Amino acid sequence: MNKTINPNELKPADDTGPLYAPRKKVYPQSVKGTFRRIKWGLMAFCLGVYYLLPFVRWNRGLGAPNQAVLIDLPNSRFYFFFIELWPQEVYYFTGLLIVAAVALFLMNSIGGRIWCGYLCPQTVWTDLFYAVERLIEGDRRERMKKDKSSDPMKLERISEIVLKHSIWLLIAWWTGGAWVLYFNDAPTLVKELLTFQAPMIAYIWIGILTATTYLLAGYMREQVCTYMCPWPRIQAALTDEWALNVTYRYDRGEKRTSVKKAAELRALGEHVGDCVDCYQCVAVCPTGIDIRNGPQMECIQCGLCIDACDNVMTKIGRPKRLIGYDNDINIQRRQEGKAPVYRIVRARTIVYSAIIAAVGGFMIYTLATRSLLDVNVLHDRNPVAVKLSDGSIRNAYTVRLLNKSGYDRVIAIDAHGPANATVHVIGVDSVTPDRPMIVIPRDSTSELRLLVTAPADNNPEKSIPVRFHVTDIGLGEVASATDNFVSP
Amino acid sequence: MTDHSDVDAVTGKSTTGHEWDGIKELNTPLPRWWVISFYLTIVWSIGYWVVYPAWPLIQGNTTGVFGYSSRADVAVELANLEKVRGDKMVALGAASLADIEKDPALLALARAKGKTVFGDNCAPCHGSGGAGAKGYPNLNDDEWLWGGTLDQIMQTIQYGVRSGHAKTHEGQMLAFGKDGVLKGDEIVTVANYVRSLAGLPTRNGFDAAKGEKIFAENCVACHGDGGKGNQELGAPDLTDKIWLYGSDEASLVETISQGRAGVMPAWEGRLDPATVKAMAVYVHSLGGGK
Ligand code: SF4
Ligand code: SF4
C-alpha cells in the first residue's frame, strides 16, 4: 500500500527450498494498556468460570444431583442451575447453538473478530501460556536471544525450559481435569481421581485434553487461528464495511518519519505522519503481523497493537489511537476532510439482534412454561382399529408418561373422545375401572399400552379426535395429548 | 514443477506461474506442520489398507492382515448383550405368567422381547401388529378359538394348531358339502341360519325352522347350542361379530361345504421357554386376551 516497488529491481524469491514454509516463530512483547487490561479481565473471568463452575452447588432436593452444572450422560440428563433438560428436549441445545452462532455474527458485524481476540478459548489459553513463558524466560528480546544462543545447554537455561513446560503441562492437565468434572459429581470425582478410582474414560479424557491444550496453546498458537480455524474465512465472508476492525489509520500515520525529523518538518509546516516506525505494534502482535499493511486474515483483533502504539503516542506527545477500532470508510472520509461516522445500528445488526431476541425469548418462554408432567401418545398402526365380538370398537395406543419432577406421582388417565368409551391400561388393575391410576416414579418415564373401547351402539362414524388427560391425583397438575380414534 | 520465476510487482513475492483473468496466484507455501500432517494422513491411509479390509474385489474384498470383520464385532457385541440380558431373561423364565403381567419391569421386558420375536416369527401370518388376515386370527380382538387366557395363549404358541405336535390342538370344520352330508340348498339354508345367529340379515324366504333343524343335527356337536362355540375344539362362536373366514353368505357356503383346518406351527423347541413366555405375554397384552 505504501511501499512502491520497482518491478525491474525485483528478483525471484528463492524457491529451491522445500514445498512448505517453515514457521516464523512469534515473540510477542508484553504491553500495558486499556485493551490489555480488558483481556486480563476477560481471561480471569473465563478461566474462573471454567475451572470453578463444577464446584458450584445447587439444591434440587433429595436424590437429585446437587451440582449446578452437570451433564449426566448415563441418566441422559442435563442440569444447568434451575434448568433440568431431558433427551426429549434437546431442541434447547439447538436453540442455544442458533443463539451462539448469531451472537458470533453480531459480534462480527460490530467489532470484527472480537470473539477471536478476547473470548476464544484458543486465545485465552495461548495468552495464559505466553504469560507463563514471559514470566520464566523473560520478555521478547530475552526470549529471542535465548532461542538464538549458541550455547543452549547451560543448566540455568535447561531448568528454565523444564520449569516452563512443567507449568504448561500442569495448566493443561488442570484444564483437562476441569472438563471431566462437568460430567460427574465434581468433589466425588476429584477424590476418585486422586485415589485412582475414577472410571477409565475420565483419565482418557483428561489425557486427551491435556495433550490438546499443551499442543495448541504451547506450540500451535497463532497457527491455529491462521490455518486450522474456519472462522476467519467464514467471518471474512460475513463482514461488511461498517464493522469496526483494528485499523492502522494511515491517513494519520503516513508518511512515517523519525520523531526528530517529524518535528523539523512540522516546524516548516509540512504534512508528516504520526507513525515513527518504531515497530512496537509489530513486536506485541501475537500473530506476528504488521497491522500497518492493512487488514489481514491473521489479525485476531486483540487490540494489543492499539495499546502499544498508544503508549508510543503518549510518549511523543501525539494524540492516541493512531491504531484503533475503525473501518476503511472513515479513513477515506477523513482523507476527504469529512467527519468519521460510526454505525453500530444497521440492518445487519438489527436482524441479528432480532433473531437472538426471538430465539432466546422463545427458549425462555418455553423453559418458564415447561411442564414437569408430560404425555406422548402413539396410535397402533397395525391394526388401527379392532372390532370386538360384541361389535364395539377398540383402538390401542402406546402412551409414554414423563415425570420430570423429583417425587413419585400417582396419576390418573382419562380419554375424551368417543361417547361412553372405556379406558384400560394393560397390566393395571385399577380400583377405578374406567379411570386407570398408576404410579410413575420420580425423574423417569413409563411406557404403557392403553386401550380405548367405544361401545357398539356408540360407534363413531370413522375417525374422531381423542384427548388423553393425565392428572396428578395429588397436585392436580394435568398434561394432555391428542390423537385419533378410528373405526374400521 | 511449476514455474516460480515470475514475480508479482506489488508484493515482490514469486508466483506459482498460474494466472486467471490477469490475476496471478502468489506462491504462498503451506506451513511445514501442515504439509507433514498431510503426508502422515497418506501414510496412515496406506497402513489402513494393509490392516483393515479395504478393497472390493469381484468376489469379496481384501481382508487385511488382522482379518478384522465388523460382522465378527457385531457377533461379539450380541453375545455380550445376551450376557447382560441373561439375568433378566432368567427372571422372566422363572416368573409365572400372571406375575409377569403384574410387574411393570418384567411386563416391559416381555413386551419388548415378545414384540421382536413376534415380528420375526409370527408377523408373516398374523401381521406385524397381530392384526391377522382372512384365515389368520386377529390377536387384538377378543374372540379366541382356543382360549384367550395367558395360559391358553401360551399353550397354543407352544404346541400349535394341527401342527403335528403330540400336544397340539386338534379338531376341524368338516366339509359338509364335499363329503355329501348336506345338499346345496341345505347348505344355503344353514348358512343363512348362522347369519341370523349373529344378528346378520338373511335371504328373503329363508326357512328358519329348517335351518335350525339342520344346525341341530350337524353343527351343535361342535359349535354348541345356539352356536356359542367351544374352545376345547377350537369351534368359533357364531353369534358374535368376528368372522375368521368372512360372514357373507358366499363365504359361509364355502366354509360349510369345503370345511376349514388352518394350521399354526408349534413353537416349542424352536424358541426357548422364556421367549415363548415373553411372546405369550406380548400377545395377551395386545388387548384381546381374557
Ligand atoms: S495486528 Fe494488532 S489486533 Fe491484530 S492480532 Fe496483531 S496485535 Fe492483535
Ligand atoms: S507502534 Fe505506532 S508508531 Fe510505532 S510503528 Fe506501530 S503504528 Fe507506528
# chains A, B, ... in the order shown; residues from 1 in each chain; ligands from 1
call {"tool": "residues_near_ligand", "arguments": {"ligand": "ligand 2", "cutoff": "7 Å", "atoms": "only C-alpha atoms and all ligand atoms", "output": "ChimeraX atom specification"}}
result
/A:248,253,274-282,292,305,308-309,312-313,322-323
call {"tool": "residues_near_ligand", "arguments": {"ligand": "ligand 1", "cutoff": "6 Å", "atoms": "only C-alpha atoms and all ligand atoms", "output": "ChimeraX atom specification"}}
result
/A:246,284-287,289,291,299-305
call {"tool": "residues_around", "arguments": {"residues": "segment 145-151 of chain B", "least_positions_apart": "5", "cutoff": "10 Å", "atoms": "only C-alpha atoms", "output": "PyMOL selection string"}}
result
chain B and resi 96-98+101+137+139+156-157+161+169+229-237+244+277+280-285+288-290
call {"tool": "write_last_selection", "arguments": {"atoms": "N, CA, C and O atoms", "output": "tab-separated table (two decimals), in the first residue's frame"}}
result
chain	number	residue	atom	x	y	z
B	96	SER	N	-44.12	-66.54	37.00
B	96	SER	CA	-45.33	-67.10	36.41
B	96	SER	C	-45.91	-66.05	35.46
B	96	SER	O	-45.64	-64.87	35.58
B	97	LEU	N	-46.71	-66.53	34.53
B	97	LEU	CA	-47.27	-65.62	33.53
B	97	LEU	C	-48.04	-64.47	34.18
B	97	LEU	O	-47.90	-63.32	33.79
B	98	ALA	N	-48.83	-64.79	35.17
B	98	ALA	CA	-49.64	-63.75	35.82
B	98	ALA	C	-48.75	-62.74	36.52
B	98	ALA	O	-49.01	-61.53	36.49
B	101	GLU	N	-47.24	-60.11	34.21
B	101	GLU	CA	-48.12	-59.00	33.84
B	101	GLU	C	-48.31	-58.01	34.97
B	101	GLU	O	-48.66	-56.86	34.72
B	137	PRO	N	-56.16	-65.50	12.54
B	137	PRO	CA	-56.88	-64.71	13.55
B	137	PRO	C	-56.21	-63.38	13.89
B	137	PRO	O	-54.99	-63.27	13.93
B	139	LEU	N	-55.19	-61.03	16.61
B	139	LEU	CA	-54.85	-61.29	18.01
B	139	LEU	C	-55.18	-60.10	18.90
B	139	LEU	O	-54.90	-60.10	20.09
B	156	THR	N	-51.20	-72.56	23.12
B	156	THR	CA	-51.36	-72.53	21.66
B	156	THR	C	-50.03	-72.23	20.97
B	156	THR	O	-49.68	-72.85	19.97
B	157	ILE	N	-49.28	-71.27	21.55
B	157	ILE	CA	-47.99	-70.93	20.93
B	157	ILE	C	-47.04	-72.12	21.02
B	157	ILE	O	-46.38	-72.48	20.05
B	161	VAL	N	-51.50	-75.44	16.35
B	161	VAL	CA	-52.82	-75.92	15.99
B	161	VAL	C	-52.66	-76.83	14.78
B	161	VAL	O	-52.11	-76.42	13.76
B	169	HIS	N	-53.40	-78.64	19.34
B	169	HIS	CA	-54.87	-78.53	19.27
B	169	HIS	C	-55.34	-79.25	18.03
B	169	HIS	O	-54.80	-79.05	16.95
B	229	GLY	N	-70.13	-71.77	20.34
B	229	GLY	CA	-68.75	-72.20	20.13
B	229	GLY	C	-68.20	-73.05	21.27
B	229	GLY	O	-68.83	-73.20	22.30
B	230	ASN	N	-67.05	-73.61	21.05
B	230	ASN	CA	-66.43	-74.46	22.05
B	230	ASN	C	-64.92	-74.38	21.89
B	230	ASN	O	-64.35	-74.81	20.89
B	231	GLN	N	-64.25	-73.80	22.91
B	231	GLN	CA	-62.81	-73.58	22.79
B	231	GLN	C	-62.02	-74.87	22.89
B	231	GLN	O	-60.89	-74.95	22.43
B	232	GLU	N	-62.62	-75.88	23.49
B	232	GLU	CA	-61.93	-77.18	23.56
B	232	GLU	C	-61.63	-77.70	22.17
B	232	GLU	O	-60.63	-78.35	21.93
B	233	LEU	N	-62.59	-77.44	21.27
B	233	LEU	CA	-62.47	-77.96	19.92
B	233	LEU	C	-62.05	-76.90	18.92
B	233	LEU	O	-61.96	-77.15	17.72
B	234	GLY	N	-61.84	-75.72	19.41
B	234	GLY	CA	-61.49	-74.62	18.52
B	234	GLY	C	-62.65	-74.23	17.65
B	234	GLY	O	-62.48	-73.68	16.57
B	235	ALA	N	-63.87	-74.53	18.12
B	235	ALA	CA	-65.04	-74.19	17.32
B	235	ALA	C	-65.48	-72.76	17.63
B	235	ALA	O	-65.76	-72.44	18.77
B	236	PRO	N	-65.48	-71.89	16.63
B	236	PRO	CA	-65.74	-70.48	16.91
B	236	PRO	C	-67.18	-70.20	17.34
B	236	PRO	O	-68.10	-70.93	16.99
B	237	ASP	N	-67.31	-69.15	18.10
B	237	ASP	CA	-68.61	-68.62	18.49
B	237	ASP	C	-69.24	-68.01	17.24
B	237	ASP	O	-68.65	-67.17	16.59
B	244	LEU	N	-63.60	-65.30	11.04
B	244	LEU	CA	-62.25	-65.54	10.57
B	244	LEU	C	-62.21	-65.66	9.04
B	244	LEU	O	-61.27	-65.20	8.41
B	277	LYS	N	-42.67	-67.56	26.61
B	277	LYS	CA	-43.40	-66.89	27.67
B	277	LYS	C	-43.57	-65.41	27.34
B	277	LYS	O	-44.65	-64.84	27.45
B	280	ALA	N	-46.14	-64.99	24.75
B	280	ALA	CA	-47.50	-65.16	25.26
B	280	ALA	C	-47.96	-63.87	25.95
B	280	ALA	O	-49.09	-63.41	25.75
B	281	VAL	N	-47.07	-63.32	26.77
B	281	VAL	CA	-47.43	-62.08	27.48
B	281	VAL	C	-47.67	-60.96	26.48
B	281	VAL	O	-48.63	-60.19	26.59
B	282	TYR	N	-46.81	-60.91	25.47
B	282	TYR	CA	-46.96	-59.85	24.46
B	282	TYR	C	-48.31	-59.98	23.75
B	282	TYR	O	-49.07	-59.02	23.64
B	283	VAL	N	-48.62	-61.21	23.31
B	283	VAL	CA	-49.88	-61.42	22.58
B	283	VAL	C	-51.06	-61.10	23.48
B	283	VAL	O	-52.02	-60.44	23.08
B	284	HIS	N	-50.96	-61.54	24.74
B	284	HIS	CA	-52.05	-61.27	25.67
B	284	HIS	C	-52.25	-59.78	25.85
B	284	HIS	O	-53.36	-59.27	25.91
B	285	SER	N	-51.12	-59.05	25.90
B	285	SER	CA	-51.21	-57.62	26.17
B	285	SER	C	-51.60	-56.83	24.92
B	285	SER	O	-51.79	-55.62	24.99
B	288	GLY	N	-56.47	-58.41	23.33
B	288	GLY	CA	-57.57	-59.34	23.10
B	288	GLY	C	-57.70	-60.38	24.19
B	288	GLY	O	-58.73	-61.04	24.30
B	289	GLY	N	-56.64	-60.53	24.98
B	289	GLY	CA	-56.61	-61.60	25.95
B	289	GLY	C	-57.71	-61.49	26.98
B	289	GLY	O	-58.23	-60.43	27.26
B	290	LYS	N	-58.07	-62.67	27.51
B	290	LYS	CA	-59.14	-62.67	28.52
B	290	LYS	C	-58.53	-62.66	29.92
B	290	LYS	O	-57.49	-63.28	30.13
call {"tool": "closest_atom_pairs", "arguments": {"of": "chain B", "to": "chain A", "cutoff": "10 Å", "atoms": "only C-alpha atoms", "output": "CSV"}}
result
residue,atom,partner,partner_atom,distance
B:Asp3,CA,A:Asp15,CA,9.7
B:His4,CA,A:Asp15,CA,6.8
B:Ser5,CA,A:Pro12,CA,5.4
B:Asp6,CA,A:Pro12,CA,6.5
B:Val7,CA,A:Pro12,CA,5.6
B:Asp8,CA,A:Pro7,CA,8.1
B:Ala9,CA,A:Pro7,CA,5.2
B:Val10,CA,A:Ile5,CA,6.4
B:Thr11,CA,A:Ile5,CA,7.9
B:Gly12,CA,A:Leu10,CA,6.4
B:Lys13,CA,A:Ala13,CA,6.5
B:Ser14,CA,A:Ala13,CA,5.6
B:Thr15,CA,A:Pro12,CA,8.8
B:Asn27,CA,A:Asp15,CA,9.1
B:Thr28,CA,A:Ala21,CA,7.9
B:Pro29,CA,A:Tyr20,CA,5.1
B:Leu30,CA,A:Tyr20,CA,5.0
B:Pro31,CA,A:Ala21,CA,4.7
B:Arg32,CA,A:Tyr20,CA,5.0
B:Trp33,CA,A:Pro22,CA,8.3
B:Trp34,CA,A:Tyr20,CA,8.2
B:Val35,CA,A:Tyr20,CA,6.4
B:Ile36,CA,A:Tyr20,CA,8.9
B:Ala98,CA,A:Gly427,CA,9.6
B:Asp99,CA,A:Gly427,CA,9.9
B:Ile100,CA,A:Gly427,CA,8.9
B:Glu101,CA,A:Gly427,CA,5.3
B:Lys102,CA,A:Gly427,CA,5.6
B:Asp103,CA,A:Gly427,CA,7.9
B:Pro104,CA,A:Gly427,CA,7.4
B:Ala105,CA,A:Ser446,CA,9.9
B:Leu107,CA,A:Gly427,CA,7.6
B:Ala108,CA,A:Glu447,CA,8.0
B:Arg111,CA,A:Arg449,CA,9.9
B:Gly127,CA,A:Asn382,CA,7.4
B:Ser128,CA,A:Asn382,CA,6.6
B:Gly129,CA,A:Asn382,CA,4.7
B:Gly130,CA,A:Asn382,CA,7.1
B:Ala131,CA,A:Pro383,CA,4.9
B:Gly132,CA,A:Pro383,CA,8.5
B:Asn138,CA,A:Val386,CA,8.4
B:Leu139,CA,A:Val386,CA,9.5
B:Asn140,CA,A:Val386,CA,6.6
B:Asp141,CA,A:Leu388,CA,5.3
B:Asp142,CA,A:Leu388,CA,5.8
B:Glu143,CA,A:Ser389,CA,6.2
B:Trp144,CA,A:Ser389,CA,10.0
B:Ala198,CA,A:Asp390,CA,9.9
B:Asp237,CA,A:Ser389,CA,9.0
B:Leu238,CA,A:Ser389,CA,9.9
B:Thr239,CA,A:Ser389,CA,8.4
B:Asp240,CA,A:Ser389,CA,4.8
B:Lys241,CA,A:Ser389,CA,4.8
B:Ile242,CA,A:Ser389,CA,5.5
B:Trp243,CA,A:Ser389,CA,9.2
B:His284,CA,A:Ile426,CA,9.2
B:Ser285,CA,A:Ile426,CA,6.0
B:Leu286,CA,A:Ala396,CA,8.2
B:Gly287,CA,A:Leu451,CA,7.1
B:Gly288,CA,A:Leu388,CA,8.4
call {"tool": "atom_distance", "arguments": {"atom1": "atom CA of Pro418 of chain A", "atom2": "atom CA of Ala454 of chain A"}}
result
6.1 Å
call {"tool": "select_by_dssp", "arguments": {"residues": "segment 6-225 of chain B", "states": "strand (DSSP E)", "output": "MDAnalysis selection string"}}
result
chainID B and resid 15:20 23:26
call {"tool": "select_by_dssp", "arguments": {"residues": "segment 15-184 of chain B", "states": "helix (DSSP H, G or I)", "output": "PDB file with C-alpha atoms, in the first residue's frame"}}
result
ATOM      1  CA  ARG B  32       5.607 -27.350   7.498  1.00  0.00           C
ATOM      2  CA  TRP B  33       3.408 -28.998  10.102  1.00  0.00           C
ATOM      3  CA  TRP B  34       0.522 -28.781   7.677  1.00  0.00           C
ATOM      4  CA  VAL B  35       2.447 -30.500   4.928  1.00  0.00           C
ATOM      5  CA  ILE B  36       3.773 -33.110   7.327  1.00  0.00           C
ATOM      6  CA  SER B  37       0.279 -33.814   8.642  1.00  0.00           C
ATOM      7  CA  PHE B  38      -0.911 -34.195   5.076  1.00  0.00           C
ATOM      8  CA  TYR B  39       1.771 -36.751   4.276  1.00  0.00           C
ATOM      9  CA  LEU B  40       1.054 -38.507   7.546  1.00  0.00           C
ATOM     10  CA  THR B  41      -2.576 -38.932   6.576  1.00  0.00           C
ATOM     11  CA  ILE B  42      -1.420 -40.572   3.353  1.00  0.00           C
ATOM     12  CA  VAL B  43       0.874 -42.891   5.249  1.00  0.00           C
ATOM     13  CA  TRP B  44      -1.925 -43.597   7.667  1.00  0.00           C
ATOM     14  CA  SER B  45      -4.326 -44.475   4.887  1.00  0.00           C
ATOM     15  CA  ILE B  46      -1.813 -46.899   3.399  1.00  0.00           C
ATOM     16  CA  GLY B  47      -1.475 -48.516   6.789  1.00  0.00           C
ATOM     17  CA  TYR B  48      -5.235 -48.696   6.896  1.00  0.00           C
ATOM     18  CA  TRP B  49      -5.407 -50.560   3.602  1.00  0.00           C
ATOM     19  CA  VAL B  50      -2.949 -53.069   4.911  1.00  0.00           C
ATOM     20  CA  VAL B  51      -4.526 -53.587   8.313  1.00  0.00           C
ATOM     21  CA  SER B  70     -17.363 -55.859  11.536  1.00  0.00           C
ATOM     22  CA  ARG B  71     -19.628 -58.871  11.429  1.00  0.00           C
ATOM     23  CA  ALA B  72     -17.436 -60.587  13.990  1.00  0.00           C
ATOM     24  CA  ASP B  73     -17.639 -57.420  16.077  1.00  0.00           C
ATOM     25  CA  VAL B  74     -21.395 -57.485  15.915  1.00  0.00           C
ATOM     26  CA  ALA B  75     -21.418 -61.147  16.926  1.00  0.00           C
ATOM     27  CA  VAL B  76     -19.272 -60.329  19.956  1.00  0.00           C
ATOM     28  CA  GLU B  77     -21.495 -57.409  20.890  1.00  0.00           C
ATOM     29  CA  LEU B  78     -24.590 -59.526  20.546  1.00  0.00           C
ATOM     30  CA  ALA B  79     -23.060 -62.212  22.721  1.00  0.00           C
ATOM     31  CA  ASN B  80     -22.250 -59.560  25.310  1.00  0.00           C
ATOM     32  CA  LEU B  81     -25.777 -58.269  25.088  1.00  0.00           C
ATOM     33  CA  GLU B  82     -27.149 -61.734  25.682  1.00  0.00           C
ATOM     34  CA  LYS B  83     -24.926 -61.959  28.718  1.00  0.00           C
ATOM     35  CA  VAL B  84     -26.182 -58.633  30.034  1.00  0.00           C
ATOM     36  CA  ARG B  85     -29.777 -59.575  29.355  1.00  0.00           C
ATOM     37  CA  GLY B  86     -29.266 -63.099  30.608  1.00  0.00           C
ATOM     38  CA  ASP B  87     -30.298 -62.359  34.180  1.00  0.00           C
ATOM     39  CA  LYS B  88     -33.431 -60.643  33.119  1.00  0.00           C
ATOM     40  CA  MET B  89     -34.413 -63.442  30.795  1.00  0.00           C
ATOM     41  CA  VAL B  90     -33.805 -65.878  33.613  1.00  0.00           C
ATOM     42  CA  ALA B  91     -36.103 -63.814  35.816  1.00  0.00           C
ATOM     43  CA  LEU B  92     -38.651 -63.883  33.021  1.00  0.00           C
ATOM     44  CA  GLY B  93     -38.356 -67.638  32.699  1.00  0.00           C
ATOM     45  CA  ALA B  94     -38.799 -68.093  36.439  1.00  0.00           C
ATOM     46  CA  LEU B  97     -47.272 -65.619  33.527  1.00  0.00           C
ATOM     47  CA  ALA B  98     -49.636 -63.755  35.818  1.00  0.00           C
ATOM     48  CA  ASP B  99     -46.776 -62.332  37.847  1.00  0.00           C
ATOM     49  CA  ILE B 100     -45.074 -61.046  34.736  1.00  0.00           C
ATOM     50  CA  GLU B 101     -48.122 -59.003  33.842  1.00  0.00           C
ATOM     51  CA  LYS B 102     -48.255 -57.506  37.303  1.00  0.00           C
ATOM     52  CA  PRO B 104     -44.112 -53.361  35.321  1.00  0.00           C
ATOM     53  CA  ALA B 105     -40.415 -54.102  34.718  1.00  0.00           C
ATOM     54  CA  LEU B 106     -40.999 -57.698  33.663  1.00  0.00           C
ATOM     55  CA  LEU B 107     -44.022 -56.694  31.618  1.00  0.00           C
ATOM     56  CA  ALA B 108     -41.963 -54.098  29.756  1.00  0.00           C
ATOM     57  CA  LEU B 109     -39.221 -56.654  29.120  1.00  0.00           C
ATOM     58  CA  ALA B 110     -41.667 -59.324  27.978  1.00  0.00           C
ATOM     59  CA  ARG B 111     -43.458 -56.908  25.698  1.00  0.00           C
ATOM     60  CA  ALA B 112     -40.209 -55.713  24.153  1.00  0.00           C
ATOM     61  CA  LYS B 113     -38.824 -59.199  23.714  1.00  0.00           C
ATOM     62  CA  GLY B 114     -42.165 -60.584  22.596  1.00  0.00           C
ATOM     63  CA  LYS B 115     -42.583 -57.841  20.059  1.00  0.00           C
ATOM     64  CA  THR B 116     -39.311 -58.550  18.293  1.00  0.00           C
ATOM     65  CA  VAL B 117     -39.810 -62.299  18.350  1.00  0.00           C
ATOM     66  CA  PHE B 118     -43.363 -61.850  17.128  1.00  0.00           C
ATOM     67  CA  GLY B 119     -42.074 -59.680  14.297  1.00  0.00           C
ATOM     68  CA  ASP B 120     -39.568 -62.365  13.299  1.00  0.00           C
ATOM     69  CA  ASN B 121     -41.796 -65.401  13.570  1.00  0.00           C
ATOM     70  CA  ALA B 123     -45.856 -61.453  11.616  1.00  0.00           C
ATOM     71  CA  PRO B 124     -45.885 -63.276   8.243  1.00  0.00           C
ATOM     72  CA  CYS B 125     -49.272 -64.761   9.105  1.00  0.00           C
ATOM     73  CA  HIS B 126     -50.711 -62.562  11.829  1.00  0.00           C
ATOM     74  CA  LEU B 150     -52.477 -66.238  29.380  1.00  0.00           C
ATOM     75  CA  ASP B 151     -52.104 -69.968  29.887  1.00  0.00           C
ATOM     76  CA  GLN B 152     -54.253 -70.844  26.896  1.00  0.00           C
ATOM     77  CA  ILE B 153     -52.341 -68.460  24.643  1.00  0.00           C
ATOM     78  CA  MET B 154     -49.077 -69.877  25.896  1.00  0.00           C
ATOM     79  CA  GLN B 155     -50.289 -73.387  25.202  1.00  0.00           C
ATOM     80  CA  THR B 156     -51.361 -72.528  21.656  1.00  0.00           C
ATOM     81  CA  ILE B 157     -47.993 -70.931  20.934  1.00  0.00           C
ATOM     82  CA  GLN B 158     -46.098 -73.870  22.392  1.00  0.00           C
ATOM     83  CA  TYR B 159     -47.916 -76.684  20.639  1.00  0.00           C
ATOM     84  CA  GLY B 184     -76.694 -77.401  -1.862  1.00  0.00           C
TER      85      GLY B 184
END
call {"tool": "atom_distance", "arguments": {"atom1": "atom CA of Gly417 of chain A", "atom2": "atom CA of Val452 of chain A"}}
result
9.5 Å
call {"tool": "closest_residue", "arguments": {"among": "B:Ala95, B:Val190, B:Ala278, B:Ile58", "to": "Phe206 of chain B", "atoms": "only C-alpha atoms"}}
result
B:Val190
call {"tool": "atom_distance", "arguments": {"atom1": "atom CA of Glu254 of chain A", "atom2": "atom CA of Gly273 of chain A"}}
result
4.1 Å
call {"tool": "residues_around", "arguments": {"residues": "segment 186-199 of chain A", "least_positions_apart": "3", "cutoff": "8 Å", "atoms": "only C-alpha atoms", "output": "VMD selection string"}}
result
chain A and resid 54 to 55 67 181 to 182 202 to 203
call {"tool": "residues_around", "arguments": {"residues": "Gly207 of chain A", "least_positions_apart": "5", "cutoff": "10 Å", "atoms": "only C-alpha atoms", "output": "ChimeraX atom specification"}}
result
/A:172-173,176-177,201-202,212-213
call {"tool": "write_last_selection", "arguments": {"atoms": "all heavy atoms", "output": "PDB file, in the first residue's frame"}}
result
ATOM      1  N   ALA A 172      -2.335 -27.467  31.505  1.00  0.00           N
ATOM      2  CA  ALA A 172      -3.036 -28.304  30.525  1.00  0.00           C
ATOM      3  C   ALA A 172      -3.772 -29.441  31.226  1.00  0.00           C
ATOM      4  O   ALA A 172      -4.936 -29.726  30.935  1.00  0.00           O
ATOM      5  CB  ALA A 172      -2.047 -28.874  29.512  1.00  0.00           C
ATOM      6  N   TRP A 173      -3.095 -30.035  32.197  1.00  0.00           N
ATOM      7  CA  TRP A 173      -3.697 -31.144  32.930  1.00  0.00           C
ATOM      8  C   TRP A 173      -4.908 -30.670  33.730  1.00  0.00           C
ATOM      9  O   TRP A 173      -5.956 -31.290  33.767  1.00  0.00           O
ATOM     10  CB  TRP A 173      -2.627 -31.742  33.847  1.00  0.00           C
ATOM     11  CG  TRP A 173      -3.160 -32.725  34.831  1.00  0.00           C
ATOM     12  CD1 TRP A 173      -3.538 -34.000  34.588  1.00  0.00           C
ATOM     13  CD2 TRP A 173      -3.378 -32.488  36.218  1.00  0.00           C
ATOM     14  NE1 TRP A 173      -3.992 -34.586  35.737  1.00  0.00           N
ATOM     15  CE2 TRP A 173      -3.894 -33.676  36.754  1.00  0.00           C
ATOM     16  CE3 TRP A 173      -3.176 -31.400  37.063  1.00  0.00           C
ATOM     17  CZ2 TRP A 173      -4.226 -33.796  38.092  1.00  0.00           C
ATOM     18  CZ3 TRP A 173      -3.507 -31.514  38.389  1.00  0.00           C
ATOM     19  CH2 TRP A 173      -4.019 -32.702  38.896  1.00  0.00           C
ATOM     20  N   GLY A 176      -7.814 -30.231  31.385  1.00  0.00           N
ATOM     21  CA  GLY A 176      -8.490 -31.495  31.083  1.00  0.00           C
ATOM     22  C   GLY A 176      -9.256 -32.004  32.287  1.00  0.00           C
ATOM     23  O   GLY A 176     -10.362 -32.519  32.168  1.00  0.00           O
ATOM     24  N   GLY A 177      -8.661 -31.823  33.468  1.00  0.00           N
ATOM     25  CA  GLY A 177      -9.307 -32.278  34.691  1.00  0.00           C
ATOM     26  C   GLY A 177     -10.624 -31.563  34.925  1.00  0.00           C
ATOM     27  O   GLY A 177     -11.631 -32.169  35.289  1.00  0.00           O
ATOM     28  N   ILE A 201     -12.554 -43.779  31.469  1.00  0.00           N
ATOM     29  CA  ILE A 201     -12.891 -42.769  30.473  1.00  0.00           C
ATOM     30  C   ILE A 201     -12.498 -41.366  30.956  1.00  0.00           C
ATOM     31  O   ILE A 201     -12.086 -40.515  30.179  1.00  0.00           O
ATOM     32  CB  ILE A 201     -14.405 -42.856  30.117  1.00  0.00           C
ATOM     33  CG1 ILE A 201     -14.748 -41.956  28.934  1.00  0.00           C
ATOM     34  CG2 ILE A 201     -15.288 -42.524  31.286  1.00  0.00           C
ATOM     35  CD1 ILE A 201     -14.405 -42.562  27.612  1.00  0.00           C
ATOM     36  N   ALA A 202     -12.578 -41.149  32.271  1.00  0.00           N
ATOM     37  CA  ALA A 202     -12.197 -39.845  32.817  1.00  0.00           C
ATOM     38  C   ALA A 202     -10.712 -39.592  32.570  1.00  0.00           C
ATOM     39  O   ALA A 202     -10.316 -38.505  32.131  1.00  0.00           O
ATOM     40  CB  ALA A 202     -12.504 -39.801  34.310  1.00  0.00           C
ATOM     41  N   THR A 212      -4.085 -31.814  24.020  1.00  0.00           N
ATOM     42  CA  THR A 212      -4.503 -30.777  23.070  1.00  0.00           C
ATOM     43  C   THR A 212      -4.219 -29.394  23.631  1.00  0.00           C
ATOM     44  O   THR A 212      -3.764 -28.506  22.901  1.00  0.00           O
ATOM     45  CB  THR A 212      -5.999 -30.909  22.721  1.00  0.00           C
ATOM     46  OG1 THR A 212      -6.737 -31.012  23.927  1.00  0.00           O
ATOM     47  CG2 THR A 212      -6.242 -32.119  21.853  1.00  0.00           C
ATOM     48  N   THR A 213      -4.467 -29.177  24.907  1.00  0.00           N
ATOM     49  CA  THR A 213      -4.203 -27.851  25.472  1.00  0.00           C
ATOM     50  C   THR A 213      -2.718 -27.521  25.358  1.00  0.00           C
ATOM     51  O   THR A 213      -2.330 -26.427  24.925  1.00  0.00           O
ATOM     52  CB  THR A 213      -4.620 -27.799  26.958  1.00  0.00           C
ATOM     53  OG1 THR A 213      -5.927 -28.317  27.083  1.00  0.00           O
ATOM     54  CG2 THR A 213      -4.560 -26.381  27.491  1.00  0.00           C
TER      55      THR A 213
END
call {"tool": "closest_residue", "arguments": {"among": "B:Met264, B:Leu200, B:Leu57, B:Ala216", "to": "Asp248 of chain B", "atoms": "only C-alpha atoms"}}
result
B:Leu200
